[in-house]
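Just below is one structure, and these are the notes that go with it.
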Amino acid sequence: MSAGGSATAGAGDPGPKALLALGSAMFAVSLGIGIIIPLLPIYADELGAGAAWAGLIFGINAGVRVFATPVFGRLADVSGKKRILLIGLGGFALAATLMGMASQYWHLFALRAVQGLFSAMVLPVARAYAGALARRGREGSLMGVFNVSLLLGHAAGPLLGGALADAMGLRAPFFSMGLLSLVSLAMVQVLVPEQPGWRARDASPPAPFRQLLGSPTLVGVSSGWVVEVMGRGAFAALFPLLARNQLGLTATEVGLLVSLQSLAASALQPVTGYLADRWDRKRLALAGLVLMPLGVACLPLVGSFAGAVAIVLVLALSSGTFFPSTMAMVLVEGRKYGMGSSIGMIEMSRGLGMALGSMTGGALAEWLGLEPAFLVLGGMTLMGVAPFLWYLRGYGTAVAMEKQGAAPAG
C-alpha cells in the first residue's frame, strides 16, 4: 500500500455522514474566524498599533502555521485526526476569548501567535480527513463541495462581525469567535468518528517531509499557494484601513465586502471543482493564480463602494478557481505520501503566503503609503507565478503516464 493509504468503502467507513458532520463543524469555526477578519486591523489600530504592527499582528498567526502545519499534518497521519482537531478547537476558543480582553496591541500579537499554533490543528487536519475519503478522479469535486462550508462561514462572518462591532463594540466579535469554536468542538466530539493513524490501519507510514520536497507537484502547488495567499493576506490586512480611511466605509460595509468575496468564491467552488476533474487542472489553476496579483494591483484605483465590489469579485474568481484544481492535485499526491503530511505542506505554504502578504504589506504601507503598497505587492506576486509554471512544467505528461499505468519520471 502507498504511504498514507486511502480511504476505501467498507465496514466502518465514515463516508458522507462524516463529511456532513465535519463540514458543519468547520462552518462554525470558519464563521468565527470570518467575524474578526475585517475588524482585526481596526481593533489593533484602536489599541495603538500602526500599519506595520497591524500587519505583524495579522501575519504572525500565519507565520506560526508555517512551522506548525507540517508537524500536525504528519502527527494526524500517525496518531489519528480527531484528537488533533479537538485539541486545536479548544485552544483556538481560549485564544479568541482572551483576544477580546486585550488592552495593549502586543497582547493581540502574542495571542494571534498562540491562536496560529492551535489553528494549525484544525482546518488543515479537517481537509486531510475529507481528502482521505475522496474517490479517484473525483478529488476536485469533493474539495469544491467541502470547501463551500468553510467559505460560507467566511462569507457570513465578516458581515456578522461588522454588525456586532457597530452594535456592541470591537471586542464582541472576538468573544463570538470563541463561542463558535466551542460549538465546533462539541460537534466534532459527538458527530465525527476517529480516522485512525497508519499503525491502526496496518498501512505504510507517511513520508518524511524531505521526501515530499521530491514531488514536483507538491512543490509547484505550494509555490502557487504562496503567491495566491500573499495577495489575499495583503487584502485582508490593509483593505479595511483603505476602505475606512479613504472610502469612508463603515465596519458593516467593510464586512459586507469581505463577505462578498467569500460568498462569490463559495458559489464557484462546486463548478470549478467539477471542471477540475474534467479539464486540465494546471491551466485552470494558472488562470486563477494570475488574477490575484492583477486584482491586488488594482485596489488603489477603487474610488467607490461599487468599484470595491468589482475588485472583490475578481479576487473571488481567483481563489474560487485556484483552490479546487490545486487541491485535487494535492489529494492525488496525498495517496502516495500521506494525506495529512501532503496537505500540511500546502497549509505551510498558505501560512507563509499570508504572513508575507500581511507583514510585507503592513511595512510597505508604513513606508510608502497604502496605495503604493498595493501596487508593489501586485508586482511581487505576479513574478511569483514563474515557480508554479517551472515545477509543474511536466504535470500534464506525468498525469498521462499515470493513466496509462506507467510511473512518471522524477
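Ordered as shown in the C-alpha cells, chains take letters A, B, and onward, while each chain numbers its residues from 1 and ligands are numbered from 1 in the order shown.
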
Exercise: A:Leu152 partners within 12 Å, only C-alpha atoms, chain neighbours under 3 positions left out, as JSON, numbers by chain
{"A": [23, 24, 26, 27, 28, 29, 30, 31, 32, 33, 34, 35, 145, 146, 147, 148, 149, 155, 156, 157, 158, 159, 258, 259, 260, 261, 262, 263, 264, 265, 266, 267, 268, 269]}

Neighbour list for A:Met101 as a ChimeraX atom specification, cut-off 10 Å, only C-alpha atoms, skip fewer than 5 positions in-chain:
/A:96,107-108,171-172,174-175

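Relative to atom CA of A:Val125, atom CA of A:Leu212 is found at 17.2 Å.
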
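For A:Val192, the set of protein, DNA and RNA residues having any atom at most 7 Å away, when counting only C-alpha atoms and skipping those fewer than 4 positions along the same chain, is Ala18, Ala21, Leu22 and Val188 of chain A.
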
Set the distance at 7 Å and use only C-alpha atoms: which residues neighbour A:Leu47 once local chain neighbours fewer than 3 positions away are removed? I'd like the list as a list of chain:residue names.
A:Tyr43, A:Ala44, A:Ser103, A:Gln104, A:Tyr105

May I have the selected residues written with C-alpha atoms, as a compact mmCIF listing (two decimals), in the first residue's frame?
```
# COMPACT_ATOMS: atom_id res chain seq x y z
CA TYR A 43 -9.03 46.80 16.59
CA ALA A 44 -5.21 46.85 16.53
CA SER A 103 -5.68 46.08 26.46
CA GLN A 104 -2.42 46.51 24.50
CA TYR A 105 -1.68 45.82 20.86
```

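Shortest separation to A:Arg232 among A:Gly116, A:Gly334, A:Gly295, A:Gly88 occurs at residue A:Gly295, atoms counted being only C-alpha atoms.
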
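Going from atom CA of A:Asn61 to atom CA of A:Ala120 covers 9.5 Å.
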
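With distances restricted to only C-alpha atoms, A:Ala237 is the closest residue to A:Ala373 from A:Arg244, A:Ala237, A:Ala163, A:Gly351.
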
Report as a PDB file with C-alpha atoms, in the first residue's frame all protein, DNA and RNA residues lying within 8 Å of A:Pro38, evaluated on only C-alpha atoms, omitting residues in the same chain fewer than 4 positions from it.
```
ATOM      1  CA  GLY A  34     -14.634  35.376   9.438  1.00  0.00           C
ATOM      2  CA  ILE A  42      -9.104  48.341  13.092  1.00  0.00           C
ATOM      3  CA  PRO A 158     -17.415  39.476   8.244  1.00  0.00           C
ATOM      4  CA  GLY A 161     -18.733  40.769  12.743  1.00  0.00           C
ATOM      5  CA  GLY A 162     -19.235  44.224  11.293  1.00  0.00           C
ATOM      6  CA  ALA A 236      -7.145  41.210   4.483  1.00  0.00           C
ATOM      7  CA  PRO A 240     -10.091  47.526   5.865  1.00  0.00           C
ATOM      8  CA  ALA A 251     -17.454  48.450   9.677  1.00  0.00           C
ATOM      9  CA  VAL A 254     -16.279  46.567   5.077  1.00  0.00           C
ATOM     10  CA  GLY A 255     -17.684  43.325   6.461  1.00  0.00           C
ATOM     11  CA  VAL A 258     -15.177  40.736   2.692  1.00  0.00           C
TER      12      VAL A 258
END
```

Of the residues A:Leu19, A:Phe67, A:Leu164, A:Ala186, which is the one nearest to A:Leu89, using only C-alpha atoms?
A:Ala186

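Proximity to A:Ala308 at 10 Å, evaluated using only C-alpha atoms and with sequence-adjacent residues fewer than 2 positions away removed, yields A:Phe239, A:Ala243, A:Leu247, A:Val254, A:Leu257, A:Cys298, A:Leu299, A:Pro300, A:Leu301, A:Val302, A:Gly303, A:Ser304, A:Phe305, A:Ala306, A:Ala310, A:Ile311, A:Val312, A:Leu313.
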
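For the residues A:Met177, A:Leu160, A:Ala276, A:Ala54, ranking by smallest atom-to-atom distance to A:Ala93 using only C-alpha atoms places A:Met177 first.
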
Counting only C-alpha atoms, what is within 6 Å of stretch 321-331 of chain A, bar same-chain residues fewer than 5 positions away, as a ChimeraX atom specification?
/A:139-140,143-144,272-273,276,281,285,288

Restricting it to N, CA and C atoms, dump the selection as a PDB file, in the first residue's frame.
```
ATOM      1  N   GLU A 139     -11.473  14.064  -7.019  1.00  0.00           N
ATOM      2  CA  GLU A 139     -10.835  14.874  -5.985  1.00  0.00           C
ATOM      3  C   GLU A 139     -11.285  16.335  -6.057  1.00  0.00           C
ATOM      4  N   GLY A 140     -11.352  16.886  -7.263  1.00  0.00           N
ATOM      5  CA  GLY A 140     -11.748  18.284  -7.406  1.00  0.00           C
ATOM      6  C   GLY A 140     -13.173  18.523  -6.954  1.00  0.00           C
ATOM      7  N   MET A 143     -13.347  18.412  -3.036  1.00  0.00           N
ATOM      8  CA  MET A 143     -12.773  19.598  -2.414  1.00  0.00           C
ATOM      9  C   MET A 143     -13.607  20.834  -2.710  1.00  0.00           C
ATOM     10  N   GLY A 144     -14.169  20.911  -3.901  1.00  0.00           N
ATOM     11  CA  GLY A 144     -15.021  22.047  -4.220  1.00  0.00           C
ATOM     12  C   GLY A 144     -16.244  22.114  -3.340  1.00  0.00           C
ATOM     13  N   THR A 272     -16.119  24.867 -10.298  1.00  0.00           N
ATOM     14  CA  THR A 272     -14.701  24.730 -10.651  1.00  0.00           C
ATOM     15  C   THR A 272     -14.141  23.383 -10.172  1.00  0.00           C
ATOM     16  N   GLY A 273     -14.692  22.852  -9.082  1.00  0.00           N
ATOM     17  CA  GLY A 273     -14.286  21.512  -8.651  1.00  0.00           C
ATOM     18  C   GLY A 273     -14.675  20.466  -9.674  1.00  0.00           C
ATOM     19  N   ALA A 276     -12.380  20.773 -12.568  1.00  0.00           N
ATOM     20  CA  ALA A 276     -11.033  20.283 -12.262  1.00  0.00           C
ATOM     21  C   ALA A 276     -10.911  18.782 -12.459  1.00  0.00           C
ATOM     22  N   ARG A 281      -6.049  20.528 -14.974  1.00  0.00           N
ATOM     23  CA  ARG A 281      -6.022  21.170 -13.661  1.00  0.00           C
ATOM     24  C   ARG A 281      -4.972  22.266 -13.585  1.00  0.00           C
ATOM     25  N   ALA A 285      -5.796  26.166 -12.696  1.00  0.00           N
ATOM     26  CA  ALA A 285      -5.153  26.804 -11.547  1.00  0.00           C
ATOM     27  C   ALA A 285      -4.397  28.055 -11.971  1.00  0.00           C
ATOM     28  N   GLY A 288      -6.629  31.126 -12.356  1.00  0.00           N
ATOM     29  CA  GLY A 288      -6.969  31.732 -11.079  1.00  0.00           C
ATOM     30  C   GLY A 288      -5.790  32.431 -10.437  1.00  0.00           C
TER      31      GLY A 288
END
```

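The space between atom CA of A:Thr69 and atom CA of A:Ala365 spans 28.9 Å.
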
Which is closest to A:Gly357 among A:Trp390, A:Trp53, A:Phe235, A:Phe72, if we use only C-alpha atoms?
A:Phe235

Top pick for closest residue to A:Gln189, considering A:Leu86, A:Leu142, A:Ile57, A:Val226 and counting only C-alpha atoms
A:Leu86

Taking only stretch 117-329 of chain A into account, list the residues labelled helix (DSSP H, G or I) by DSSP (computed from the backbone), as JSON, numbers by chain.
{"A": [117, 118, 119, 123, 124, 125, 126, 127, 128, 129, 130, 131, 139, 140, 141, 142, 143, 144, 145, 146, 147, 148, 149, 150, 151, 152, 153, 154, 155, 156, 157, 158, 159, 160, 161, 162, 163, 164, 165, 166, 167, 168, 172, 173, 174, 175, 176, 177, 178, 179, 180, 181, 182, 183, 184, 185, 186, 187, 188, 189, 190, 191, 209, 210, 211, 212, 216, 217, 218, 219, 220, 221, 222, 223, 224, 225, 226, 227, 228, 229, 230, 231, 232, 233, 234, 235, 236, 237, 238, 239, 240, 241, 242, 243, 244, 245, 251, 252, 253, 254, 255, 256, 257, 258, 259, 260, 261, 262, 263, 264, 265, 266, 267, 268, 269, 270, 271, 272, 273, 274, 275, 276, 281, 282, 283, 284, 285, 286, 287, 288, 289, 290, 291, 292, 293, 294, 295, 296, 297, 298, 299, 300, 301, 305, 306, 307, 308, 309, 310, 311, 312, 313, 314, 315, 316, 317, 318, 319, 320, 321, 322, 323, 324, 325, 326, 327, 328, 329]}
